[in-house]
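Novice: Input structure: structure-v7.cif, which contains mmCIF, C-alpha atoms.
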```
data_entry
loop_
_atom_site.label_atom_id
_atom_site.label_comp_id
_atom_site.auth_asym_id
_atom_site.auth_seq_id
_atom_site.Cartn_x
_atom_site.Cartn_y
_atom_site.Cartn_z
CA GLY A 23 123.54 62.38 191.66
CA GLN A 24 123.98 59.48 189.28
CA SER A 25 126.57 57.81 191.51
CA TRP A 26 127.34 58.06 195.22
CA PHE A 27 130.23 57.01 197.47
CA GLN A 28 130.53 56.91 201.23
CA GLN A 29 132.52 59.93 202.36
CA TYR A 30 132.24 59.66 206.13
CA ASN A 31 130.81 56.88 208.27
CA PHE A 32 128.82 58.63 210.97
CA PRO A 33 125.08 58.77 211.78
CA PHE A 34 124.31 62.44 211.13
CA HIS A 35 120.60 63.24 211.21
CA ASN A 36 120.89 66.81 209.92
CA ILE A 37 123.59 68.46 207.79
CA ARG A 38 124.04 71.90 206.25
CA PHE A 39 126.85 73.32 204.12
CA VAL A 40 127.49 77.03 203.59
CA ASP A 41 129.96 76.53 200.73
CA GLY A 42 132.11 73.82 199.20
CA SER A 43 134.29 73.53 202.30
CA TYR A 44 132.42 74.52 205.46
CA GLY A 45 129.65 72.30 206.76
CA TYR A 46 127.95 71.46 210.04
CA GLY A 47 126.28 68.21 211.10
CA LEU A 48 124.20 67.02 214.03
CA ALA A 49 124.53 63.66 215.75
CA GLY A 50 122.61 63.36 219.01
CA SER A 51 123.79 66.08 221.38
CA ASN A 52 126.92 66.90 219.35
CA ILE A 53 127.56 69.46 216.62
CA TYR A 54 130.27 68.52 214.14
CA ILE A 55 132.15 70.80 211.73
CA THR A 56 134.06 70.11 208.53
CA THR A 57 136.32 72.58 206.76
CA ASN A 58 137.32 70.37 203.82
CA GLY A 59 134.06 69.49 202.15
CA GLY A 60 133.15 66.62 204.45
CA ASP A 61 136.30 64.51 204.18
CA ASN A 62 136.97 65.02 207.91
CA TRP A 63 134.71 66.06 210.77
CA GLN A 64 135.41 67.11 214.35
CA ILE A 65 133.18 67.85 217.33
CA ASN A 66 132.39 71.54 217.54
CA THR A 67 129.89 71.63 220.44
CA VAL A 68 128.55 69.21 223.07
CA TYR A 69 125.23 69.83 224.81
CA ASN A 70 123.03 68.11 227.40
CA TYR A 71 120.11 67.52 225.03
CA PRO A 72 119.88 66.37 221.41
CA PHE A 73 119.92 68.91 218.62
CA TYR A 74 117.09 68.95 216.05
CA ARG A 75 118.31 71.21 213.25
CA VAL A 76 121.35 73.26 212.27
CA GLN A 77 121.55 76.19 209.84
CA PHE A 78 124.39 78.57 209.03
CA LEU A 79 123.99 81.78 207.04
CA ASN A 80 127.75 81.94 206.41
CA GLN A 81 130.91 80.40 207.85
CA ASP A 82 130.56 82.38 211.09
CA THR A 83 126.87 82.91 211.85
CA GLY A 84 124.66 79.92 212.54
CA TYR A 85 121.76 78.56 214.56
CA VAL A 86 120.89 75.26 216.19
CA LEU A 87 117.63 74.14 217.75
CA SER A 88 117.60 71.87 220.78
CA PHE A 89 115.12 70.94 223.48
CA GLN A 90 113.24 74.17 224.31
CA LYS A 91 116.25 76.29 223.30
CA LEU A 92 117.37 78.14 220.20
CA PHE A 93 121.09 78.95 219.99
CA LYS A 94 123.06 81.40 217.86
CA THR A 95 126.78 81.67 217.14
CA THR A 96 128.76 84.36 215.34
CA ASN A 97 132.18 82.69 215.57
CA LYS A 98 131.81 79.33 213.81
CA GLY A 99 130.33 77.66 216.89
CA VAL A 100 133.15 78.45 219.31
CA THR A 101 130.59 80.07 221.62
CA TRP A 102 126.79 80.06 221.57
CA GLN A 103 124.16 82.37 223.01
CA VAL A 104 120.59 81.41 223.83
CA LEU A 105 117.91 83.37 221.99
CA ASN A 106 115.06 84.18 224.33
CA THR A 107 111.86 82.95 222.70
CA SER A 108 109.74 84.25 225.63
CA LEU A 109 107.17 81.57 224.83
CA SER A 110 105.77 78.69 226.88
CA THR A 111 105.89 76.32 223.93
CA ALA A 112 108.80 74.10 222.83
CA PHE A 113 109.99 74.47 219.25
CA VAL A 114 110.74 71.24 217.37
CA ASP A 115 111.91 72.62 214.01
CA MET A 116 113.17 75.91 212.58
CA TRP A 117 114.08 77.67 209.36
CA VAL A 118 116.43 80.67 209.33
CA LEU A 119 116.12 83.20 206.51
CA SER A 120 118.36 85.91 207.96
CA VAL A 121 119.72 87.23 211.25
CA ASP A 122 116.37 88.95 211.67
CA THR A 123 113.82 86.48 210.29
CA ILE A 124 113.49 83.01 211.80
CA TRP A 125 110.57 80.57 211.58
CA CYS A 126 109.89 77.88 214.20
CA VAL A 127 107.16 75.31 214.78
CA ALA A 128 105.79 73.66 217.90
CA THR A 129 103.35 70.75 218.14
CA GLU A 130 101.52 71.47 221.41
CA SER A 131 97.80 71.62 220.79
CA LEU A 132 97.26 74.72 222.96
CA SER A 133 100.42 76.79 222.53
CA GLY A 134 101.94 75.34 219.35
CA GLY A 135 101.80 76.36 215.70
CA VAL A 136 104.04 78.29 213.33
CA TYR A 137 105.90 81.23 214.86
CA ARG A 138 108.00 83.93 213.20
CA THR A 139 110.40 86.55 214.48
CA THR A 140 111.54 89.51 212.39
CA ASN A 141 113.89 91.03 214.97
CA GLY A 142 116.30 88.20 215.66
CA GLY A 143 114.23 86.47 218.32
CA LEU A 144 113.24 89.39 220.54
CA ASN A 145 109.56 88.97 219.68
CA TRP A 146 107.60 86.11 218.13
CA GLN A 147 104.25 86.17 216.31
CA LEU A 148 101.94 83.21 215.80
CA GLN A 149 101.50 82.77 212.03
CA PHE A 150 99.52 79.52 211.85
CA TYR A 151 97.59 77.34 214.32
CA ASN A 152 96.16 73.90 213.59
CA GLY A 153 95.12 72.58 217.01
CA SER A 154 96.03 68.96 217.70
CA ASP A 155 97.61 68.76 214.22
CA ASN A 156 100.08 71.60 214.66
CA PRO A 157 103.05 71.17 212.30
CA ASP A 158 106.39 69.69 213.29
CA LYS A 159 108.27 70.66 210.09
CA ILE A 160 108.91 74.06 208.48
CA TYR A 161 110.69 75.14 205.29
CA MET A 162 110.76 78.62 203.81
CA TYR A 163 112.17 79.20 200.33
CA ASP A 164 112.13 82.96 200.81
CA GLY A 165 110.22 85.58 202.77
CA ASN A 166 106.97 84.72 201.02
CA MET A 167 106.79 81.08 199.97
CA GLY A 168 107.14 78.18 202.36
CA PHE A 169 105.71 74.93 203.67
CA CYS A 170 104.82 73.36 206.97
CA GLY A 171 103.26 70.04 207.87
CA GLN A 172 102.76 67.06 210.09
CA GLY A 173 101.92 63.49 209.13
CA ILE A 174 99.55 63.37 206.19
CA GLN A 175 99.09 67.14 205.91
CA LEU A 176 101.16 69.65 203.94
CA PHE A 177 100.44 73.38 204.00
CA ARG A 178 101.79 76.09 201.71
CA THR A 179 102.02 79.87 202.05
CA THR A 180 102.84 82.45 199.40
CA ASN A 181 102.31 85.58 201.50
CA SER A 182 104.79 85.19 204.35
CA GLY A 183 102.53 83.07 206.52
CA VAL A 184 99.45 85.30 206.49
CA ASN A 185 97.54 82.43 204.86
CA TRP A 186 98.36 78.71 204.75
CA ASN A 187 96.58 76.47 202.24
CA LEU A 188 96.36 72.69 202.41
CA VAL A 189 98.08 71.02 199.45
CA PRO A 190 95.58 68.31 198.43
CA GLY A 191 96.85 64.75 198.46
CA GLU A 192 100.35 65.63 199.71
CA ARG A 193 101.94 64.39 202.91
CA SER A 194 104.42 66.23 205.08
CA PHE A 195 108.19 66.03 204.71
CA SER A 196 111.31 65.23 206.69
CA ASP A 197 113.38 67.59 204.55
CA MET A 198 112.78 69.94 201.61
CA HIS A 199 114.81 72.13 199.27
CA PHE A 200 113.92 74.51 196.42
CA VAL A 201 116.38 75.87 193.86
CA ASP A 202 113.94 78.52 192.62
CA ASN A 203 110.29 79.41 193.27
CA LEU A 204 109.07 76.57 191.03
CA THR A 205 111.46 73.63 191.37
CA GLY A 206 111.89 71.74 194.62
CA TRP A 207 112.20 68.33 196.25
CA LYS A 208 110.87 66.81 199.45
CA VAL A 209 111.62 63.59 201.29
CA LEU A 210 108.32 62.08 202.42
CA ARG A 211 107.91 62.11 206.19
CA ASN A 212 106.73 58.53 206.64
CA ASP A 213 108.46 57.10 203.58
CA PRO A 214 112.14 58.09 203.68
CA ASP A 215 112.87 55.98 200.58
CA THR A 216 110.76 58.34 198.46
CA ILE A 217 111.73 61.77 197.14
CA LYS A 218 109.12 63.82 195.29
CA LYS A 219 109.79 66.72 192.93
CA THR A 220 107.63 69.74 192.07
CA ILE A 221 108.01 72.08 189.11
CA ASP A 222 105.06 74.35 189.94
CA GLY A 223 106.11 75.77 193.29
CA GLY A 224 104.61 72.97 195.36
CA VAL A 225 101.08 73.27 194.01
#
```
Please express what this file holds, its structure, as structure tokens.
Specialist:
Amino acid sequence: GQSWFQQYNFPFHNIRFVDGSYGYGLAGSNIYITTNGGDNWQINTVYNYPFYRVQFLNQDTGYVLSFQKLFKTTNKGVTWQVLNTSLSTAFVDMWVLSVDTIWCVATESLSGGVYRTTNGGLNWQLQFYNGSDNPDKIYMYDGNMGFCGQGIQLFRTTNSGVNWNLVPGERSFSDMHFVDNLTGWKVLRNDPDTIKKTIDGGV
């Protein structure tokens, strides 16, 4: 990270790589794919509404979140199926741990909060509710530790969402990544020029 060069000139707002070659990026209502480490990109999927987040577990199996819909592919995005959330709320962010366990958040004051499925989207359980301050971002390092937040609030769980504790003095994030259960980075939600690092698991 000491030096950077422009690899591709396109306004992606979310990007995820599964290895050194395969990656997926979101730009508006398009999903792009690269198979050569980001040197070239091509449109993989076009939809009627903008996409919020993309995640792939491997080269074949991935998920994208769009307006009120969660999609899954098992063939590199050639075809997509809609996962039935069976909820009246609209998810605005997601984090996929496995084909079974997916976390999503919704901001509605009555029906929003943090939701989790452990059977691939067949059923969803409300894991956290914060009224008019329901979170709009979610990140889970593993099945136990994760973070959610909105605006000036950041919450942390260490028991798979049974309890969420406010992290004093910390604002929410636009993106987050941990390399182990202690060391992680977050881009501040309302200050995209600032990246903060933790070495104590987000405490």
Novice: Return the single residue from A:Gly206, A:Gly173, A:Gly135, A:Gly168 that is closest to Leu109 of chain A, with distances computed using all atoms listed in the file.
Specialist: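 Selected residue with least distance to Leu109 of chain A: A:Gly135.
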Novice: Convert the output of the PyMOL selection byres ((chain A and resi 82-97) around 8) on the shown file into explicit residues, formatted as a PDB file with C-alpha atoms, keeping the file's coordinate frame.
Specialist:
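Dumped everything to part-v3.pdb:
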```
ATOM      1  CA  TYR A  71     120.110  67.520 225.030  1.00  0.00           C
ATOM      2  CA  PRO A  72     119.880  66.370 221.410  1.00  0.00           C
ATOM      3  CA  PHE A  73     119.920  68.910 218.620  1.00  0.00           C
ATOM      4  CA  TYR A  74     117.090  68.950 216.050  1.00  0.00           C
ATOM      5  CA  ARG A  75     118.310  71.210 213.250  1.00  0.00           C
ATOM      6  CA  VAL A  76     121.350  73.260 212.270  1.00  0.00           C
ATOM      7  CA  GLN A  77     121.550  76.190 209.840  1.00  0.00           C
ATOM      8  CA  PHE A  78     124.390  78.570 209.030  1.00  0.00           C
ATOM      9  CA  LEU A  79     123.990  81.780 207.040  1.00  0.00           C
ATOM     10  CA  ASN A  80     127.750  81.940 206.410  1.00  0.00           C
ATOM     11  CA  GLN A  81     130.910  80.400 207.850  1.00  0.00           C
ATOM     12  CA  LYS A  98     131.810  79.330 213.810  1.00  0.00           C
ATOM     13  CA  GLY A  99     130.330  77.660 216.890  1.00  0.00           C
ATOM     14  CA  VAL A 100     133.150  78.450 219.310  1.00  0.00           C
ATOM     15  CA  THR A 101     130.590  80.070 221.620  1.00  0.00           C
ATOM     16  CA  TRP A 102     126.790  80.060 221.570  1.00  0.00           C
ATOM     17  CA  GLN A 103     124.160  82.370 223.010  1.00  0.00           C
ATOM     18  CA  VAL A 104     120.590  81.410 223.830  1.00  0.00           C
ATOM     19  CA  LEU A 105     117.910  83.370 221.990  1.00  0.00           C
ATOM     20  CA  ASN A 106     115.060  84.180 224.330  1.00  0.00           C
ATOM     21  CA  THR A 107     111.860  82.950 222.700  1.00  0.00           C
ATOM     22  CA  THR A 111     105.890  76.320 223.930  1.00  0.00           C
ATOM     23  CA  ALA A 112     108.800  74.100 222.830  1.00  0.00           C
ATOM     24  CA  PHE A 113     109.990  74.470 219.250  1.00  0.00           C
ATOM     25  CA  VAL A 114     110.740  71.240 217.370  1.00  0.00           C
ATOM     26  CA  ASP A 115     111.910  72.620 214.010  1.00  0.00           C
ATOM     27  CA  MET A 116     113.170  75.910 212.580  1.00  0.00           C
ATOM     28  CA  VAL A 118     116.430  80.670 209.330  1.00  0.00           C
TER      29      VAL A 118
END
```
Novice: Can you spell out as a PyMOL selection string the set of residues that the PyMOL selection byres ((chain A and resi 129) around 6) selects in the structure I just provided?
Specialist: chain A and resi 128+130+134+156-158
Novice: Could those selected residues go to a file with C-alpha atoms, as a compact mmCIF listing (two decimals), keeping the file's coordinate frame?
Specialist:
```
# COMPACT_ATOMS: atom_id res chain seq x y z
CA ALA A 128 105.79 73.66 217.90
CA GLU A 130 101.52 71.47 221.41
CA GLY A 134 101.94 75.34 219.35
CA ASN A 156 100.08 71.60 214.66
CA PRO A 157 103.05 71.17 212.30
CA ASP A 158 106.39 69.69 213.29
```
Novice: To one decimal in Å, tell me the separation between atom CA of Asn70 of chain A and atom CA of Ile53 of chain A.
Specialist: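 Value for the atom CA of Asn70 of chain A-atom CA of Ile53 of chain A distance: 11.8 Å.
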Novice: Here is a test: counting all atoms listed in the file, which residue of A:Trp146, A:Tyr54, A:Trp125, A:Phe32 is nearest to Ser110 of chain A?
Specialist: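 Smallest distance to Ser110 of chain A is found for A:Trp146.
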Novice: Nearest to Val127 of chain A: which of A:Val68, A:Leu148, A:Met167, A:Ala49 is it, counting all atoms listed in the file?
Specialist: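 Among A:Val68, A:Leu148, A:Met167, A:Ala49, it is A:Leu148 that comes nearest to Val127 of chain A.
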Novice: If you measure from atom CA of Gln172 of chain A to atom CA of Asp155 of chain A, what distance in Å do you get, rounded to one decimal?
Specialist: 6.8 Å
Novice: Between atom CA of Asp202 of chain A and atom CA of Asp164 of chain A, measure the distance and give it in Å to one decimal.
Specialist: 9.5 Å
Novice: Extract, using all atoms listed in the file, all DNA, RNA and protein residues at most 8 Å from Asn141 of chain A, discarding same-chain residues fewer than 6 positions from it, and format them as a PyMOL selection string.
Specialist: chain A and resi 121-123
